[in-house]
Amino acid sequence: MAEHADHADRSGHADRAGHTDHADHPAYPVGLRLHGRRVVVIGGGQVAQRRLPQLIATGAAITLISPSATPSVEAMADAGEIRWERRRYQDGDLADTWYALVASSDSTANDAASAEAERTRTWCVRSDDAEAATAWTPATGRIENITVAVLNTTPRGRDPRHSAALRDAIVEGLRDGTLAAPHHRTRAPGVALVGGGPGDPDLITVRGRRLLAEADVVIADRLGPRDLLDELPPHVEVIDAAKIPYGRFMAQEAINQALIEHAKAGKSVVRLKGGDPFVFGRGMEEAQALAAEGIPCTVVPGISSTISVPGAAGIPVTHRGVAHEFTVVSGHVAPEDPRSLVDWEAIARLRGTLVLLMAVDKIGAIAAALIAHGKDPATPVALVQEGTTAAQRRVDATLADVGERVVAEDVRPPAVIVIGDVVAVGPDSAPSPVQEAAE
């Protein structure tokens, strides 16, 4: 005890009760290597939704403790990216934990978890009380293999917005090679319908990323580039508009109303959608709702998954001598369903590439309809799940067996399905006779 007291006196970091006074001491920035190590997240709300993707990317063994979660967080659990214990925090939950994120709406539970972290010497971030935390989350941005983290290391005068703006300036400077720090830009109130691309955060357009950085409110789809939510300043409100297939979802009418209400409140609103807003994205429905209320709307096209996901899997949707056209069809309604607007007989007669979205659970019926209308049962089929993301995988089949392959390989949405001879085309495949003649 005497040795401990002597050390505290020399350092000046502890009072007589042994408590640390952080008021005038800067935080020490460090990068945590969490791969394979236990991380616990308390609370499954908006904060968890924003922080979990980056934690997942580290390869950490993540346990979420919360009686409820947003649809996007629930989807992460369903996909096996995190383990979810559907209950409230209990003392002892942080045993053997390297890092904890405390972000529930229960301040009593947050205090208890924070106290346990202090006892077990677990680095702990708190979303509701930064001064009670032992760690802070910096404003981060990524470019290629570089992560930029900006942290105001002194407790007094911390301004997360300033850190986020500085982060944005550094990342932008790295992109264009200048490292200039432009003034933080703000937009007039209104709504931007932003196509976020197929999932890889680097595939959003420059304009879309800029508008996202300037937003006050972001209404985000599950299929949008979720990693970008982690880069948003803390003051930005993120509304989860996820639609889990055959599960929870935010009704389109509710999404429209949220866009209108926040825009009328003078906020800059970004509707962040996967792919392109007008390719099965209900973007025009939202634009019409905004127009009816006299709210200005900007449409930012995005890279459609119909082209980018096959490309990421090595499949060209067109190829000289193989396919002169490609057709995109929504497969969310089965061919025999009276609500279907697709002429499957005409589709079966086409000689080009067929790209299906939202068709995983209907692919057996769709394949049967195409074969019944004359399509060759041996026609190649590729299913690309989670395209352009770290979880991407490709399953190959034919029209004859694709229904069985989907079940056997446990293919789940989101997946893009490509039907046609282009599936067999690749960097190592031989040129077609038509292609060789043209050359």
# chains A, B, ... in the order shown; residues from 1 in each chain; ligands from 1
>>> residues_around(residues="A:Ser304", least_positions_apart="5", cutoff="10 Å", atoms="only C-alpha atoms", output="PyMOL selection string")
chain A and resi 195-198+274-280+309
>>> residues_around(residues="A:Ala149", least_positions_apart="3", cutoff="8 Å", atoms="only C-alpha atoms", output="JSON, numbers by chain")
{"A": [138, 139, 140, 141, 167]}
>>> write_last_selection(atoms="all heavy atoms", output="mmCIF file, in the first residue's frame")
data_model
loop_
_atom_site.group_PDB
_atom_site.id
_atom_site.type_symbol
_atom_site.label_atom_id
_atom_site.label_comp_id
_atom_site.auth_asym_id
_atom_site.auth_seq_id
_atom_site.Cartn_x
_atom_site.Cartn_y
_atom_site.Cartn_z
ATOM 1 N N PRO A 138 -12.904 7.798 -31.800
ATOM 2 C CA PRO A 138 -12.536 8.934 -32.645
ATOM 3 C C PRO A 138 -13.427 9.020 -33.875
ATOM 4 O O PRO A 138 -14.139 8.065 -34.216
ATOM 5 C CB PRO A 138 -11.088 8.607 -33.044
ATOM 6 C CG PRO A 138 -11.041 7.116 -33.035
ATOM 7 C CD PRO A 138 -11.954 6.676 -31.922
ATOM 8 N N ALA A 139 -13.381 10.168 -34.534
ATOM 9 C CA ALA A 139 -14.024 10.311 -35.841
ATOM 10 C C ALA A 139 -13.115 9.644 -36.859
ATOM 11 O O ALA A 139 -11.954 10.034 -37.012
ATOM 12 C CB ALA A 139 -14.212 11.791 -36.176
ATOM 13 N N THR A 140 -13.609 8.613 -37.529
ATOM 14 C CA THR A 140 -12.748 7.825 -38.411
ATOM 15 C C THR A 140 -13.202 7.906 -39.857
ATOM 16 O O THR A 140 -14.376 8.084 -40.155
ATOM 17 C CB THR A 140 -12.738 6.345 -37.989
ATOM 18 O OG1 THR A 140 -14.077 5.835 -38.027
ATOM 19 C CG2 THR A 140 -12.172 6.176 -36.598
ATOM 20 N N GLY A 141 -12.242 7.778 -40.743
ATOM 21 C CA GLY A 141 -12.496 7.700 -42.169
ATOM 22 C C GLY A 141 -11.476 6.766 -42.783
ATOM 23 O O GLY A 141 -10.384 6.582 -42.245
ATOM 24 N N ARG A 167 -11.564 15.303 -39.807
ATOM 25 C CA ARG A 167 -11.419 13.985 -40.414
ATOM 26 C C ARG A 167 -11.778 14.017 -41.893
ATOM 27 O O ARG A 167 -11.065 13.507 -42.755
ATOM 28 C CB ARG A 167 -12.303 12.986 -39.668
ATOM 29 C CG ARG A 167 -12.334 11.536 -40.158
ATOM 30 C CD ARG A 167 -13.376 11.254 -41.231
ATOM 31 N NE ARG A 167 -14.636 11.904 -41.072
ATOM 32 C CZ ARG A 167 -15.640 11.426 -40.321
ATOM 33 N NH1 ARG A 167 -15.524 10.316 -39.663
ATOM 34 N NH2 ARG A 167 -16.788 12.100 -40.274
#
>>> select_by_dssp(residues="stretch 7-247 of chain A", states="strand (DSSP E)", output="MDAnalysis selection string")
chainID A and resid 38:42 61:65 83:85 99:102 123:126 139:143 146:150 190:195 217:220 237:240
>>> residues_around(residues="A:Gly387", least_positions_apart="6", cutoff="10 Å", atoms="only C-alpha atoms", output="number ranges by chain")
A: 198-200, 305, 308-313, 393-394, 414-416
>>> residues_around(residues="A:Gln90", least_positions_apart="4", cutoff="12 Å", atoms="only C-alpha atoms", output="list of chain:residue names")
A:Ile42, A:Ile65, A:Ser66, A:Pro67, A:Glu85, A:Arg86, A:Leu94, A:Ala95, A:Thr108, A:Ala109, A:Asn110, A:Asp111, A:Ala112, A:Ala113, A:Ser114, A:Ala115, A:Glu116
>>> select_by_dssp(residues="stretch 44-251 of chain A", states="alpha helix (DSSP H)", output="ChimeraX atom specification")
/A:46-57,71-78,107-120,160-176,206-213
>>> closest_residue(among="A:Val402, A:Leu383, A:Ala291, A:Val422", to="A:Thr353", atoms="only C-alpha atoms")
A:Val422
>>> residues_around(residues="stretch 121-126 of chain A", least_positions_apart="3", cutoff="12 Å", atoms="only C-alpha atoms", output="compact mmCIF listing (two decimals) with N, CA and C atoms, in the first residue's frame")
# COMPACT_ATOMS: atom_id res chain seq x y z
N VAL A 30 -4.64 5.20 -29.45
CA VAL A 30 -4.07 3.88 -29.70
C VAL A 30 -5.01 3.12 -30.63
N LEU A 32 -6.69 -0.47 -31.41
CA LEU A 32 -6.95 -1.75 -30.77
C LEU A 32 -7.00 -2.85 -31.83
N LEU A 34 -8.44 -6.20 -32.34
CA LEU A 34 -9.49 -6.96 -31.67
C LEU A 34 -9.80 -8.30 -32.34
N ARG A 38 -12.77 -10.99 -27.44
CA ARG A 38 -14.15 -10.77 -27.01
C ARG A 38 -14.45 -9.28 -26.88
N VAL A 39 -15.52 -8.85 -27.53
CA VAL A 39 -16.04 -7.49 -27.43
C VAL A 39 -17.51 -7.58 -27.04
N VAL A 40 -17.93 -6.76 -26.10
CA VAL A 40 -19.32 -6.77 -25.65
C VAL A 40 -19.95 -5.41 -25.95
N VAL A 41 -21.13 -5.46 -26.55
CA VAL A 41 -21.90 -4.25 -26.83
C VAL A 41 -23.19 -4.31 -26.02
N ILE A 42 -23.41 -3.29 -25.21
CA ILE A 42 -24.62 -3.21 -24.39
C ILE A 42 -25.59 -2.25 -25.07
N GLY A 43 -26.72 -2.76 -25.54
CA GLY A 43 -27.71 -1.93 -26.22
C GLY A 43 -27.68 -2.15 -27.73
N VAL A 47 -26.82 3.68 -31.82
CA VAL A 47 -25.37 3.74 -31.62
C VAL A 47 -24.74 2.40 -32.03
N ALA A 48 -25.34 1.31 -31.59
CA ALA A 48 -24.81 -0.01 -31.96
C ALA A 48 -24.87 -0.20 -33.47
N ARG A 51 -21.87 1.62 -34.92
CA ARG A 51 -20.53 1.18 -34.53
C ARG A 51 -20.24 -0.29 -34.87
N ASP A 93 -21.15 -9.70 -17.08
CA ASP A 93 -21.21 -9.82 -18.53
C ASP A 93 -19.91 -9.41 -19.22
N LEU A 94 -19.08 -8.64 -18.52
CA LEU A 94 -17.84 -8.17 -19.13
C LEU A 94 -16.64 -9.05 -18.78
N ALA A 95 -16.89 -10.21 -18.22
CA ALA A 95 -15.79 -11.11 -17.88
C ALA A 95 -15.02 -11.50 -19.14
N ASP A 96 -13.70 -11.44 -19.08
CA ASP A 96 -12.82 -11.81 -20.19
C ASP A 96 -13.03 -10.95 -21.43
N THR A 97 -13.52 -9.74 -21.23
CA THR A 97 -13.77 -8.84 -22.35
C THR A 97 -12.61 -7.87 -22.52
N TRP A 98 -12.23 -7.63 -23.77
CA TRP A 98 -11.15 -6.71 -24.07
C TRP A 98 -11.65 -5.29 -24.27
N TYR A 99 -12.86 -5.17 -24.81
CA TYR A 99 -13.38 -3.84 -25.16
C TYR A 99 -14.89 -3.89 -25.03
N ALA A 100 -15.46 -2.83 -24.47
CA ALA A 100 -16.91 -2.78 -24.28
C ALA A 100 -17.46 -1.47 -24.82
N LEU A 101 -18.60 -1.57 -25.48
CA LEU A 101 -19.34 -0.39 -25.93
C LEU A 101 -20.66 -0.38 -25.18
N VAL A 102 -20.84 0.61 -24.31
CA VAL A 102 -22.05 0.71 -23.49
C VAL A 102 -22.94 1.77 -24.12
N ALA A 103 -24.08 1.33 -24.66
CA ALA A 103 -24.90 2.24 -25.46
C ALA A 103 -26.38 1.92 -25.33
N SER A 104 -26.82 1.53 -24.14
CA SER A 104 -28.24 1.25 -23.96
C SER A 104 -28.97 2.51 -23.53
N SER A 105 -30.30 2.44 -23.53
CA SER A 105 -31.11 3.58 -23.09
C SER A 105 -31.36 3.56 -21.59
N ASP A 106 -30.82 2.56 -20.89
CA ASP A 106 -31.00 2.40 -19.45
C ASP A 106 -29.76 2.95 -18.74
N SER A 107 -29.86 4.15 -18.18
CA SER A 107 -28.69 4.78 -17.57
C SER A 107 -28.19 3.99 -16.36
N ALA A 109 -28.26 0.69 -16.00
CA ALA A 109 -27.49 -0.42 -16.55
C ALA A 109 -26.16 0.07 -17.10
N ASN A 110 -26.18 1.24 -17.72
CA ASN A 110 -24.93 1.80 -18.25
C ASN A 110 -23.93 2.09 -17.14
N ASP A 111 -24.43 2.64 -16.04
CA ASP A 111 -23.56 2.92 -14.89
C ASP A 111 -22.97 1.63 -14.33
N ALA A 112 -23.81 0.59 -14.24
CA ALA A 112 -23.35 -0.68 -13.69
C ALA A 112 -22.31 -1.33 -14.61
N ALA A 113 -22.56 -1.29 -15.90
CA ALA A 113 -21.61 -1.87 -16.85
C ALA A 113 -20.30 -1.11 -16.83
N SER A 114 -20.40 0.23 -16.73
CA SER A 114 -19.20 1.05 -16.67
C SER A 114 -18.39 0.75 -15.42
N ALA A 115 -19.09 0.53 -14.32
CA ALA A 115 -18.40 0.20 -13.07
C ALA A 115 -17.71 -1.16 -13.17
N GLU A 116 -18.38 -2.13 -13.80
CA GLU A 116 -17.74 -3.43 -13.98
C GLU A 116 -16.50 -3.31 -14.86
N ALA A 117 -16.60 -2.51 -15.92
CA ALA A 117 -15.44 -2.30 -16.79
C ALA A 117 -14.27 -1.71 -16.01
N GLU A 118 -14.56 -0.79 -15.09
CA GLU A 118 -13.50 -0.19 -14.27
C GLU A 118 -12.85 -1.25 -13.38
N ASP A 129 -22.35 9.13 -21.65
CA ASP A 129 -21.57 9.91 -20.69
C ASP A 129 -20.08 9.72 -21.00
N ALA A 130 -19.55 10.55 -21.88
CA ALA A 130 -18.16 10.39 -22.30
C ALA A 130 -17.20 10.57 -21.14
N GLU A 131 -17.54 11.42 -20.18
CA GLU A 131 -16.63 11.67 -19.06
C GLU A 131 -16.51 10.46 -18.13
N ALA A 132 -17.53 9.59 -18.14
CA ALA A 132 -17.49 8.40 -17.29
C ALA A 132 -16.82 7.23 -17.98
N ALA A 133 -16.45 7.40 -19.25
CA ALA A 133 -15.84 6.31 -20.02
C ALA A 133 -14.34 6.27 -19.80
N THR A 134 -13.75 5.12 -20.09
CA THR A 134 -12.29 5.00 -20.04
C THR A 134 -11.69 5.06 -21.45
N ALA A 135 -12.54 5.16 -22.47
CA ALA A 135 -12.07 5.28 -23.84
C ALA A 135 -13.06 6.11 -24.63
N TRP A 136 -12.59 6.75 -25.68
CA TRP A 136 -13.44 7.52 -26.58
C TRP A 136 -13.29 6.98 -27.99
N THR A 137 -14.37 7.09 -28.76
CA THR A 137 -14.34 6.68 -30.16
C THR A 137 -13.98 7.88 -31.02
N PRO A 138 -12.90 7.80 -31.80
CA PRO A 138 -12.54 8.93 -32.65
C PRO A 138 -13.43 9.02 -33.87
>>> residues_around(residues="A:Pro225", least_positions_apart="6", cutoff="12 Å", atoms="only C-alpha atoms", output="ChimeraX atom specification")
/A:50,53-54,72,194-205,208-209,212,231,272-275,302-303,386-389
>>> closest_residue(among="A:Glu325, A:Glu261, A:Asp168, A:Asp376", to="A:Ile295", atoms="only C-alpha atoms")
A:Glu261
